[in-house]
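Q: My structure file final.txt, compact mmCIF, C-alpha atoms and all ligand atoms, is below:
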# COMPACT_ATOMS: atom_id res chain seq x y z
CA MET A 1 4.59 -17.51 4.19
CA LYS A 2 1.94 -15.95 2.02
CA ARG A 3 -0.84 -14.07 3.80
CA SER A 4 -4.36 -13.51 2.54
CA ILE A 5 -5.21 -10.01 1.37
CA LEU A 6 -8.36 -8.32 2.68
CA ILE A 7 -10.81 -7.14 0.05
CA HIS A 8 -12.62 -3.79 0.39
CA PRO A 9 -15.05 -3.15 2.05
CA ASP A 10 -13.55 -4.29 5.37
CA PRO A 11 -13.53 -2.23 8.59
CA ARG A 12 -9.80 -3.02 9.09
CA LEU A 13 -9.01 -1.10 5.88
CA LYS A 14 -10.59 2.06 7.36
CA LYS A 15 -8.55 2.18 10.59
CA VAL A 16 -5.65 4.48 11.48
CA CYS A 17 -2.78 2.08 12.24
CA ASP A 18 -0.55 2.17 15.33
CA PRO A 19 3.10 3.28 15.17
CA VAL A 20 5.69 0.53 15.57
CA ALA A 21 7.76 0.99 18.76
CA ASP A 22 10.32 -1.73 18.02
CA VAL A 23 11.21 -3.81 14.98
CA THR A 24 10.58 -7.15 16.72
CA GLY A 25 11.23 -10.58 15.21
CA GLU A 26 7.51 -10.95 14.73
CA LEU A 27 7.32 -7.71 12.71
CA SER A 28 10.39 -8.69 10.61
CA MET A 29 8.64 -11.96 9.80
CA LEU A 30 5.48 -10.05 8.90
CA ALA A 31 7.48 -7.77 6.54
CA LYS A 32 9.01 -10.85 4.82
CA ASP A 33 5.56 -12.42 4.48
CA MET A 34 4.15 -9.18 3.06
CA LEU A 35 6.91 -8.99 0.41
CA GLU A 36 6.24 -12.61 -0.57
CA THR A 37 2.50 -11.89 -0.74
CA MET A 38 3.06 -8.71 -2.79
CA TYR A 39 5.40 -10.36 -5.35
CA ASP A 40 3.06 -13.33 -5.65
CA ALA A 41 -0.08 -11.19 -6.26
CA PRO A 42 1.70 -9.58 -8.24
CA GLY A 43 1.74 -6.03 -6.91
CA ILE A 44 4.20 -3.17 -6.35
CA GLY A 45 3.19 -2.28 -2.78
CA LEU A 46 1.37 -3.68 0.23
CA ALA A 47 0.43 -2.21 3.62
CA ALA A 48 0.06 -4.20 6.87
CA PRO A 49 -3.68 -3.44 7.28
CA GLN A 50 -4.25 -5.20 3.93
CA VAL A 51 -3.21 -8.43 5.64
CA GLY A 52 -5.22 -7.55 8.76
CA VAL A 53 -2.40 -6.14 10.92
CA LEU A 54 -3.06 -2.59 12.14
CA SER A 55 0.60 -1.50 12.43
CA ARG A 56 2.42 1.22 10.50
CA LEU A 57 4.34 -1.01 8.08
CA ILE A 58 4.46 -0.97 4.28
CA VAL A 59 6.53 -2.84 1.69
CA LEU A 60 7.12 -1.84 -1.91
CA ASP A 61 9.15 -2.59 -5.02
CA CYS A 62 8.35 -0.57 -8.14
CA ILE A 63 11.05 -2.12 -10.36
CA LYS A 64 9.08 -3.46 -13.31
CA GLU A 65 11.67 -3.77 -16.10
CA ASP A 66 12.31 -7.35 -17.15
CA GLY A 67 15.64 -8.63 -15.87
CA ALA A 68 16.22 -5.64 -13.55
CA ALA A 69 17.31 -6.46 -9.99
CA PRO A 70 14.46 -6.23 -7.49
CA ARG A 71 14.54 -3.45 -4.92
CA PRO A 72 12.35 -4.49 -2.00
CA LEU A 73 11.82 -1.69 0.53
CA VAL A 74 10.46 -2.30 4.04
CA MET A 75 9.23 0.84 5.83
CA PHE A 76 8.15 1.03 9.45
CA ASN A 77 6.45 4.30 10.51
CA PRO A 78 6.88 5.89 7.05
CA GLU A 79 6.23 9.61 6.97
CA ILE A 80 6.13 12.12 4.13
CA VAL A 81 8.39 14.96 5.24
CA ALA A 82 8.12 17.01 2.03
CA ALA A 83 6.04 16.91 -1.16
CA SER A 84 6.46 18.75 -4.47
CA GLU A 85 3.91 21.26 -5.69
CA GLN A 86 4.14 19.61 -9.07
CA THR A 87 1.69 16.73 -9.41
CA SER A 88 1.49 13.63 -11.55
CA VAL A 89 -1.41 11.38 -12.53
CA TYR A 90 -1.29 7.59 -12.44
CA ASP A 91 -3.89 4.98 -13.21
CA GLU A 92 -3.90 3.42 -9.75
CA GLY A 93 -5.07 0.03 -8.62
CA CYS A 94 -4.99 -1.78 -5.27
CA LEU A 95 -4.61 -5.42 -4.25
CA SER A 96 -7.60 -4.89 -1.89
CA ILE A 97 -9.73 -3.60 -4.80
CA PRO A 98 -8.91 -6.13 -7.54
CA GLU A 99 -9.26 -5.17 -11.21
CA GLN A 100 -10.48 -1.62 -10.56
CA TYR A 101 -8.36 1.31 -11.72
CA ALA A 102 -8.72 5.08 -11.65
CA GLU A 103 -6.56 8.09 -12.44
CA ILE A 104 -5.40 9.73 -9.20
CA THR A 105 -3.47 13.01 -8.90
CA ARG A 106 -0.73 13.20 -6.26
CA PRO A 107 2.48 15.17 -5.66
CA ALA A 108 5.04 14.07 -8.26
CA GLU A 109 7.93 13.91 -5.77
CA VAL A 110 8.01 13.15 -2.06
CA GLU A 111 10.67 12.91 0.61
CA VAL A 112 9.97 10.00 2.97
CA ALA A 113 11.45 9.18 6.39
CA TRP A 114 11.12 5.68 7.83
CA ILE A 115 12.69 2.95 9.96
CA ASP A 116 14.07 0.06 7.92
CA GLU A 117 13.99 -3.68 8.67
CA HIS A 118 17.24 -3.35 10.70
CA GLY A 119 15.75 -0.63 12.90
CA LYS A 120 17.79 2.07 11.14
CA ALA A 121 16.34 5.55 10.41
CA ARG A 122 16.32 6.28 6.67
CA GLN A 123 15.26 9.18 4.46
CA GLU A 124 15.03 9.32 0.69
CA GLY A 125 13.32 11.19 -2.14
CA PHE A 126 11.05 9.34 -4.57
CA ASP A 127 9.59 10.28 -7.94
CA GLY A 128 7.67 8.62 -10.76
CA LEU A 129 5.83 5.41 -9.91
CA TRP A 130 7.76 5.11 -6.62
CA ALA A 131 6.33 8.43 -5.39
CA THR A 132 2.77 7.42 -6.26
CA CYS A 133 3.16 3.96 -4.73
CA VAL A 134 4.66 5.13 -1.43
CA GLN A 135 1.86 7.73 -1.02
CA HIS A 136 -0.80 5.11 -1.83
CA GLU A 137 0.66 2.72 0.78
CA ILE A 138 1.03 5.40 3.49
CA ASP A 139 -2.63 6.32 2.87
CA HIS A 140 -3.52 2.71 3.81
CA LEU A 141 -1.94 3.29 7.25
CA ASN A 142 -4.39 6.16 7.73
CA GLY A 143 -7.43 4.14 6.65
CA LYS A 144 -7.55 5.79 3.25
CA LEU A 145 -8.02 4.00 -0.08
CA PHE A 146 -7.39 5.38 -3.57
CA ILE A 147 -11.14 5.30 -4.27
CA ASP A 148 -11.59 7.85 -1.48
CA TYR A 149 -10.17 10.42 -3.95
CA LEU A 150 -12.99 9.68 -6.42
CA LYS A 151 -16.41 11.26 -6.65
CA PRO A 152 -18.98 9.48 -4.42
CA LEU A 153 -20.88 7.88 -7.34
CA LYS A 154 -17.76 6.29 -8.83
CA ARG A 155 -16.64 5.16 -5.38
CA GLN A 156 -20.03 3.58 -4.63
CA MET A 157 -20.01 1.81 -7.99
CA ILE A 158 -16.62 0.22 -7.24
CA THR A 159 -17.66 -0.66 -3.68
CA ARG A 160 -20.78 -2.44 -4.95
CA LYS A 161 -18.64 -4.44 -7.41
CA MET A 162 -16.36 -5.45 -4.53
CA GLN A 163 -19.32 -6.48 -2.35
CA LYS A 164 -20.51 -8.70 -5.20
CA LEU A 165 -17.00 -10.15 -5.65
CA LYS A 166 -16.79 -10.93 -1.92
CA ARG A 167 -20.15 -12.73 -2.02
CA GLU A 168 -18.92 -14.79 -4.97
CA LEU A 169 -15.62 -15.60 -3.20
CA ALA A 170 -17.51 -16.61 -0.05
CA ARG A 171 -19.66 -19.02 -2.06
CA ALA A 172 -16.71 -20.55 -3.95
ZN ZN A 201 -3.68 -0.36 -2.00
What's the structure tokens form of this structure?

A:
Amino acid sequence: MKRSILIHPDPRLKKVCDPVADVTGELSMLAKDMLETMYDAPGIGLAAPQVGVLSRLIVLDCIKEDGAAPRPLVMFNPEIVAASEQTSVYDEGCLSIPEQYAEITRPAEVEVAWIDEHGKARQEGFDGLWATCVQHEIDHLNGKLFIDYLKPLKRQMITRKMQKLKRELARA
């Protein structure tokens, strides 16, 4: 089932999310719904607070090549255990900040530990778009958005655009 995605500004997007104690049936269902919502958007990552659930859960799939097999990843309690000194810059966007993009610098490679959808502990290194995406989504679990890396003026400009968009959506 598709869920609706919160648009910034929303207080739920600024909250530090709670760790998941157990991968319950309810949370597995939420993860499935989030993947469906992400693919439908379309997007390459989605965090639980973006659908209004303040739990440490993200989903991602950065396979973009036509005809390539999808690689959906479900991560409960994801944690960056190591990050490279080398950085990379991506033009980032966010499903909660539609049609706004900005170049953000982050570590180029990260090692991430998480609990998968079967409750199994996993650890893996990511680079390229995957590294950027997983860091962007983990930021969401700490109430941080990509625009928080921008200078205040640029951030305020984007926030005002989003406030206008939300007023328009509310009227529609
Ligand atoms: Zn985002």

Q: Which is closer to A:Gly128 than all the others in A:Cys94, A:Leu153, A:Ile63, A:Leu54, using only C-alpha atoms?

A: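 Residue with the minimum atom-to-atom distance to A:Gly128: A:Ile63.
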
Q: Compile the contact shell of stretch 138-142 of chain A as a list in words: residues with an atom at most 8 Å away, counting all atoms listed in the file, same-chain residues fewer than 4 positions apart removed.

A: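 Counting all atoms listed in the file, the residues come to Leu13, Lys14, Lys15, Val16, Cys17, Ala47, Ala48, Pro49, Gln50, Leu54, Ser55, Arg56, Leu57, Ile58, Pro78, Glu79 and Val134 of chain A.
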
Q: Select the residues contacting ligand ZN 201 (chain A) at a distance of at most 8 Å, based on all atoms listed in the file, then format the selection as a PyMOL selection string.

A: chain A and resi 45-47+50+93-97+136-137+140+145-146

Q: When you count all atoms listed in the file, which of these residues is closest to A:Ile158: A:Val51, A:Leu6, A:Gln100, A:Thr24?

A: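 The shortest atom-to-atom distance to A:Ile158 comes from A:Gln100.
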
Q: For A:Phe76, please output as a compact mmCIF listing (two decimals) with C-alpha atoms, keeping the file's coordinate frame all residues within 10 Å (counting only C-alpha atoms; exclusion window: fewer than 4 positions along the same chain).

A:
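Saved result, part37.txt, follows:
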# COMPACT_ATOMS: atom_id res chain seq x y z
CA PRO A 19 3.10 3.28 15.17
CA VAL A 20 5.69 0.53 15.57
CA ALA A 21 7.76 0.99 18.76
CA ASP A 22 10.32 -1.73 18.02
CA VAL A 23 11.21 -3.81 14.98
CA LEU A 27 7.32 -7.71 12.71
CA ALA A 31 7.48 -7.77 6.54
CA ALA A 48 0.06 -4.20 6.87
CA SER A 55 0.60 -1.50 12.43
CA ARG A 56 2.42 1.22 10.50
CA LEU A 57 4.34 -1.01 8.08
CA ILE A 58 4.46 -0.97 4.28
CA VAL A 59 6.53 -2.84 1.69
CA ALA A 113 11.45 9.18 6.39
CA TRP A 114 11.12 5.68 7.83
CA ILE A 115 12.69 2.95 9.96
CA ASP A 116 14.07 0.06 7.92
CA GLU A 117 13.99 -3.68 8.67
CA GLY A 119 15.75 -0.63 12.90
CA LYS A 120 17.79 2.07 11.14
CA ALA A 121 16.34 5.55 10.41

Q: With all atoms listed in the file as the atoms that count, which of A:Gly25, A:Pro9, A:Pro107, A:Gly43 lies nearest to A:Ile147?

A: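 When distances to A:Ile147 are compared using all atoms listed in the file, the smallest one comes from A:Pro9.
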